[in-house]
Amino acid sequence: MVNKKTVAVATHRKRQKTSGQTLDQDPHAVRAPGERQLEVAIGHEIRALRKHAGITVADLAEESGISIGMLSKIENGLTSPSLTTLNAVSQALGIPMSQLLRRFEEDRQAVQVKSGEGVTAERRGSRAGHQYQLLGVLGPNQSGVVMEPYMITLNTESDVFPTFQHEGLEYLYFLEGRVEYRHGQNTYLMEPGDSLFFDADAPHGPHGLLELPARYLSIITYPKSSTQHAASGLDE
């Protein structure tokens, strides 16, 4: 049975958290036609390499012989550095100068999956009729994040449900049916139009199938550098 008190408290807390909340990034931001895209790409690469090396702007300035103010402008894409300056920075970072152009030259990918063409897999431990359709995989990218979108269909009632637990975050959006979904110690009644966003490191999964077939979108994200593949949840 769904704990109505738990659902009510969770809904109230969700409204409290989301009301007045602002986004850190403008989802509708666009680049102006005249924006220095090459300079921005170089700046982002220098900042990423510097942080990866664990050094500050002051450290890099001292090592390269370039002022802190100039390095700050370069990292923010506000100036066009000369080849001499880029050479000094690359030597200070211990990388070839061509690597500073990597972000600008790299292809940006997009993957389209037509309806019904996703890769279908079944989680071990789940009963027949629990279908997981991978909707697309994006190859190597510079975002630092891996995302795996699945369309999950549950169409066979079962008394046993696997409990998944893996690294990263997961977002569910229900399209059809009614399901009791457990996350940690809480149970949520999920119906068409409902969503659930959670830390996937806590035990989670369907707790009760109330109306079948049930169909929902599941998006898993985790750091690209992670040694533990989030999709290992498919093998649980």
# chains A, B, ... in the order shown; residues from 1 in each chain; ligands from 1

$ residues_around --residues "range 67-75 of chain A" --least-positions-apart "6" --cutoff "7 Å" --atoms "only C-alpha atoms" --output "MDAnalysis selection string"
chainID A and resid 43:44 46:47 57:58 61 81

$ atom_distance --atom1 "CA of Leu210 in chain A" --atom2 "CA of Thr163 in chain A"
17.9 Å

$ closest_residue --among "A:Leu209, A:Ala200, A:Ile152, A:Val146" --to "Thr221 in chain A" --atoms "only C-alpha atoms"
A:Val146

$ residues_around --residues "Glu63 in chain A" --least-positions-apart "5" --cutoff "10 Å" --atoms "only C-alpha atoms" --output "count of residues only"
7

$ closest_residue --among "A:Gln133, A:Phe174, A:Leu189, A:Ala41" --to "Gln99 in chain A" --atoms "only C-alpha atoms"
A:Ala41

$ atom_distance --atom1 "CA of His52 in chain A" --atom2 "CA of Lys224 in chain A"
14.2 Å
